[in-house]
2 protein chains.
Amino acid sequence: MQFVHTERHRAHDPKVETYLGLPIPANEVPARADAIVAALAADGGFELTPPTDHGTAPILAVHDAGLLRFLEAAWPEVERQRLSREFLVADTYPTRSMFAGMSDALVAARPEPVAIGGRVGWWGLDSSNPLVAGSYDAARGAVDVALTAADLVLGGETVTYGLCRPPGHHAAAAMAGGYCFFNNAAIAAHAIAESTGERVAILDVDVHHGNGTQQIFWRRSDVLYASLHADPRRLYPFFLGHADEVGEGPGAGTNLNLPQPLRADDATYLADLDRALEWIDASAGSIVVVSLGFDTYERDPIGDLALTTAGYHEMGRRVGALGRRLVILQEGGYFVPDLGANCVAWLRGAAGQPPA
Amino acid sequence: MQFVHTERHRAHDPKVETYLGLPIPANEVPARADAIVAALAADGGFELTPPTDHGTAPILAVHDAGLLRFLEAAWPEVERQRLSREFLVADTYPTRSMFAGMSDALVAARPEPVAIGGRVGWWGLDSSNPLVAGSYDAARGAVDVALTAADLVLGGETVTYGLCRPPGHHAAAAMAGGYCFFNNAAIAAHAIAESTGERVAILDVDVHHGNGTQQIFWRRSDVLYASLHADPRRLYPFFLGHADEVGEGPGAGTNLNLPQPLRADDATYLADLDRALEWIDASAGSIVVVSLGFDTYERDPIGDLALTTAGYHEMGRRVGALGRRLVILQEGGYFVPDLGANCVAWLRGAAGQPPA
């Protein structure tokens with residue numbers, strides 16, 4: 001299997017994130033990718049392909065131009081405004097309740113702040129998403145990884161893996177958040193839909209609901225989104241990911257959320273995975289984009305499900321058995337010691353190979 | 001002049017707040033009220049009146065019942081969920097971009113999270129607003145202070161001062177934020193409007209835009225809101241407070257924002273104050289609620305204007321010269337050493353007395 005990876009991710013190297021108002025050691029760190037690369041190399045069945053530069057056009061097909069401008073300008077602006085700090089996190093966010101009663105047109109016409117602290121909130125969701133000097137470059141690299149993995153499948157490969165870092169599925173059209181800056185999977189899915197003219201399905205098996213991906217395709221019929229995730233009443237992103245969110249307008253019926261109970265095990269999870277796969281199988285299309293997270297793992301420090309390495313092999317096997325071409329893109333997963341083994345297990349399953 | 005005050009404020013005693021992702025010493029602390037009480041006592045012209053209990057009905061006339069329930073339950077819930085911490089601040093907020101494209105009805109039907117970290121974001125705006133063990137009790141006390149000050153004016157007093165702490169003007173119908181839990185001034189203004197059947201004006205001279213007060217009365221014609229504040233493109237609350245926000249529906253034309261330039265001095269500020277006073281004077285009504293902040297002060301650590309103690313006396317004088325009865329309620333102001341002198345100057349001005 002070809003896997004796409006670049007060292008550019010290393011530029012995004014935050015030391016802390018802010019959890020409930022206090023800095024804690026960052027979870028989304030370069031060592032995550034290192035662990036996966038090492039395991040893929042040790043396995044021997046994976047061939048490294050570097051990404052090609054796709055420019056900003058595929059990003060702007062999915063994201064607000066202001067978000068791109070902000071992410072590009074943010075760190076130079078931190079330096080220009082002489083904010084003496086090693087990471088940028090907002091304290092104030094444009095919550096929906098702040099604008100309650102105001103017409104949509106007037107809300108949309110509010111100007112972006114000038115203060116960098118206001119701007120990072122304007123384009124943000126949470127304080128788990130530290131922006132550092134190299135974040136923009138790394139995020140651009142992750143998009144290129146996703147698009148290159150998509151290119152390989154469009155070029156005839158059956159299954160490819162893109163080791164995206166930073167991840168992407170929490171990033172909405174006009175919002176970064178949850179360790180995510182650009183929505184790699186959404187950008188790839190949009191590019192595939194445009195290129196093939198076919199419906200594309202996104203299967204999201206990260207422990208967190210991919211609120212950004214859902215938002216981007218909420219009213220679109222050409223991209224399906226199915227997600228298994230911890231019930232958001234318990235876990236980030238808290239405010240979206242419920243089962244009654246099925247899409248609206250032209251997208252009605254194209255969104256499937258399957259919230260999981262606390263400490264859901266392999267059997268519980270795989271039963272719902274089958275539901276998602278049947279749902280995808282019932283719709284036309286030949287390519288599935290997988291948002292792959294290992295924060296469903298039983299030892300993950302921030303997830304609350306209980307999947308095992310054997311469960312990941314079986315999950316990959318069932319997704320592969322769908323018989324569609326797969327663009328598998330890395331999202332979360334924070335128990336670094338077992339990330340490599342879990343990733344190899346999943347990918348071997350998807351390729352129809354036995355466990356290592 | 002009678003001033004209303006209670007020691008209940010002391011229960012809200014946060015040690016830190018979170019600024020751009022890092023904890024810093026709290027600005028909104030009990031010493032603020034102590035400094036003002038000491039200065040009023042030293043002046044000799046102020047008579048302390050304790051507040052009377054007004055219950056929750058006047059709060060629920062202005063705020064969502066869920067906000068009250070959350071604030072009452074939050075700290076016991078922190079303890080029940082065994083979050084080992086001395087203050088509660090959210091990391092994730094329901095931003096408007098998160099829900100972009102989703103119908104209002106569906107957004108309104110999203111369930112409140114169960115996790116306390118999700119709930120505090122659900123009802124929040126920013127990480128400057130630490131909730132501690134005594135916050136709810138103190139916030140209830142501040143509402144009683146405001147309502148008692150209003151009662152005194154409704155009973156015939158010309159001018160009263162309510163030393164509200166915590167302050168209130170950032171709290172919207174369904175949102176706490178910016179050191180504020182309940183909107184003391186909005187609750188008092190609503191109660192006065194109900195009691196008198198007259199139009200009530202709120203004049204907000206805190207350095208920050210009173211986004212909560214604006215939101216609460218955005219579509220109401222019976223309460224005017226005029227605010228002078230640092231341009232929100234520079235300063236908190238960043239996303240509201242612009243000059244083109246004039247109210248909508250029945251409230252069209254009842255909102256006046258006068259954003260101030262960086263380091264605005266007494267002369268610049270007082271010229272705009274005159275505009276606000278003329279605007280209020282042109283409308284019927286006999287009572288003005290003043291949201292009084294001293295964070296416009298030249299030495300304030302978080303404001304960016306440059307008013308002086310002499311300027312405060314003149315501001316009070318001009319507001320008093322409007323000839324309406326005044327319910328003056330404390331909002332912000334964080335340079336503690338001069339808070340007392342600034343407050344005495346303002347109140348003496350409002351009462352038509354010379355500077356101390």
# chains A, B, ... in the order shown; residues from 1 in each chain; ligands from 1

call {"tool": "residues_around", "arguments": {"residues": "region 340-356 of chain B", "least_positions_apart": "5", "cutoff": "8 Å", "atoms": "only C-alpha atoms", "output": "ChimeraX atom specification"}}
result
/B:1,35-40,43,159,161,294,309-310,312-321

call {"tool": "write_last_selection", "arguments": {"atoms": "N, CA and C atoms", "output": "compact mmCIF listing (two decimals), in the first residue's frame"}}
result
# COMPACT_ATOMS: atom_id res chain seq x y z
N MET B 1 -26.29 60.34 49.62
CA MET B 1 -26.76 59.33 48.67
C MET B 1 -26.74 57.95 49.32
N ALA B 35 -12.24 48.58 48.11
CA ALA B 35 -11.68 49.90 47.84
C ALA B 35 -12.78 50.94 47.68
N ILE B 36 -13.85 50.56 47.04
CA ILE B 36 -14.95 51.51 46.83
C ILE B 36 -15.68 51.78 48.14
N VAL B 37 -15.96 50.72 48.90
CA VAL B 37 -16.66 50.90 50.19
C VAL B 37 -15.85 51.82 51.10
N ALA B 38 -14.54 51.61 51.15
CA ALA B 38 -13.69 52.43 52.03
C ALA B 38 -13.74 53.90 51.62
N ALA B 39 -13.73 54.15 50.32
CA ALA B 39 -13.74 55.54 49.85
C ALA B 39 -15.10 56.20 50.11
N LEU B 40 -16.17 55.45 49.95
CA LEU B 40 -17.49 56.03 50.22
C LEU B 40 -17.64 56.35 51.71
N ASP B 43 -15.65 59.46 52.57
CA ASP B 43 -16.29 60.68 52.08
C ASP B 43 -17.35 61.18 53.06
N VAL B 159 -31.21 59.61 43.29
CA VAL B 159 -30.05 58.90 42.75
C VAL B 159 -29.55 57.91 43.80
N TYR B 161 -26.75 54.34 44.32
CA TYR B 161 -25.61 53.61 43.77
C TYR B 161 -25.64 52.17 44.28
N PHE B 294 -15.01 51.78 35.66
CA PHE B 294 -13.83 52.65 35.77
C PHE B 294 -12.64 52.04 35.04
N THR B 309 -9.54 61.08 36.90
CA THR B 309 -10.46 61.22 38.03
C THR B 309 -11.31 62.50 37.85
N ALA B 310 -10.68 63.57 37.39
CA ALA B 310 -11.44 64.81 37.13
C ALA B 310 -12.48 64.56 36.03
N TYR B 312 -14.05 61.82 35.52
CA TYR B 312 -15.17 61.08 36.10
C TYR B 312 -16.14 62.01 36.82
N HIS B 313 -15.60 63.02 37.51
CA HIS B 313 -16.49 63.97 38.17
C HIS B 313 -17.34 64.69 37.14
N GLU B 314 -16.71 65.10 36.06
CA GLU B 314 -17.43 65.82 35.01
C GLU B 314 -18.45 64.89 34.33
N MET B 315 -18.08 63.62 34.15
CA MET B 315 -19.02 62.68 33.55
C MET B 315 -20.24 62.53 34.44
N GLY B 316 -20.00 62.33 35.72
CA GLY B 316 -21.12 62.22 36.66
C GLY B 316 -21.98 63.47 36.65
N ARG B 317 -21.33 64.63 36.62
CA ARG B 317 -22.06 65.90 36.63
C ARG B 317 -22.99 66.00 35.43
N ARG B 318 -22.46 65.65 34.26
CA ARG B 318 -23.28 65.76 33.05
C ARG B 318 -24.44 64.77 33.07
N VAL B 319 -24.18 63.57 33.57
CA VAL B 319 -25.27 62.58 33.63
C VAL B 319 -26.33 63.07 34.63
N GLY B 320 -25.88 63.61 35.76
CA GLY B 320 -26.82 64.15 36.75
C GLY B 320 -27.62 65.30 36.19
N ALA B 321 -26.96 66.12 35.36
CA ALA B 321 -27.61 67.31 34.80
C ALA B 321 -28.70 66.98 33.81

call {"tool": "residues_around", "arguments": {"residues": "Ala11 (chain A)", "least_positions_apart": "4", "cutoff": "9 Å", "atoms": "only C-alpha atoms", "output": "ChimeraX atom specification"}}
result
/A:7,30,132-138

call {"tool": "closest_atom_pairs", "arguments": {"of": "chain A", "to": "chain B", "cutoff": "6 Å", "atoms": "only C-alpha atoms", "output": "tab-separated table"}}
result
residue	atom	partner	partner_atom	distance
A:Thr18	CA	B:Gly21	CA	5.5
A:Tyr19	CA	B:Asp91	CA	5.8
A:Leu20	CA	B:Ala90	CA	4.8
A:Gly21	CA	B:Val89	CA	5.1
A:Val89	CA	B:Leu20	CA	5.1
A:Ala90	CA	B:Leu20	CA	4.8
A:Asp91	CA	B:Leu20	CA	4.9
A:Thr92	CA	B:Asp126	CA	4.2
A:Tyr93	CA	B:Leu125	CA	5.9
A:Pro94	CA	B:Thr95	CA	5.3
A:Thr95	CA	B:Thr95	CA	3.9
A:Arg96	CA	B:Arg96	CA	4.6
A:Pro113	CA	B:Arg233	CA	4.1
A:Val114	CA	B:Arg233	CA	5.1
A:Ala115	CA	B:Arg234	CA	5.0
A:Gly118	CA	B:Phe238	CA	5.6
A:Leu125	CA	B:Tyr93	CA	5.9
A:Asp126	CA	B:Thr92	CA	4.1
A:Ser127	CA	B:Asp91	CA	5.0
A:Arg233	CA	B:Pro113	CA	4.1
A:Arg234	CA	B:Ala115	CA	5.0
A:Phe238	CA	B:Gly118	CA	5.6

call {"tool": "select_by_dssp", "arguments": {"residues": "region 77-162 of chain A", "states": "alpha helix (DSSP H)", "output": "PyMOL selection string"}}
result
chain A and resi 77-80+104-108+116-122+135-154

call {"tool": "closest_residue", "arguments": {"among": "B:Leu67, B:Ile192, B:Val143, B:Leu305", "to": "Gly55 (chain B)", "atoms": "only C-alpha atoms"}}
result
B:Val143

call {"tool": "residues_around", "arguments": {"residues": "Val200 (chain A)", "least_positions_apart": "6", "cutoff": "7 Å", "atoms": "only C-alpha atoms", "output": "list in words"}}
result
Ala189, Ala193, Asp222, Val223, Leu224, Gly285, Ile287 and Val288 of chain A

call {"tool": "closest_residue", "arguments": {"among": "B:Leu154, B:Ala146, B:Ala108, B:Ala139", "to": "Glu194 (chain B)", "atoms": "only C-alpha atoms"}}
result
B:Leu154

call {"tool": "residues_around", "arguments": {"residues": "Ala57 (chain B)", "least_positions_apart": "3", "cutoff": "12 Å", "atoms": "only C-alpha atoms", "output": "list in words"}}
result
Asp53, His54, Leu60, Ala61, Val62, His63, Asp64, Ala65, Leu68, Arg140, Val143, Asp144, Leu147, Ile187, Ala188, His190 and Ala191 of chain B

call {"tool": "select_by_dssp", "arguments": {"residues": "region 58-181 of chain B", "states": "strand (DSSP E)", "output": "list in words"}}
result
Val159, Thr160, Tyr161 and Gly162 of chain B

call {"tool": "atom_distance", "arguments": {"atom1": "CA of Phe335 (chain B)", "atom2": "CA of Tyr225 (chain B)"}}
result
26.1 Å

call {"tool": "atom_distance", "arguments": {"atom1": "CA of Val336 (chain A)", "atom2": "CA of Ser291 (chain A)"}}
result
18.1 Å

call {"tool": "atom_distance", "arguments": {"atom1": "CA of Ala41 (chain B)", "atom2": "CA of Cys164 (chain B)"}}
result
16.7 Å

call {"tool": "closest_residue", "arguments": {"among": "A:Leu307, A:Tyr334, A:Ala230, A:Ala186", "to": "Ala267 (chain A)", "atoms": "only C-alpha atoms"}}
result
A:Leu307
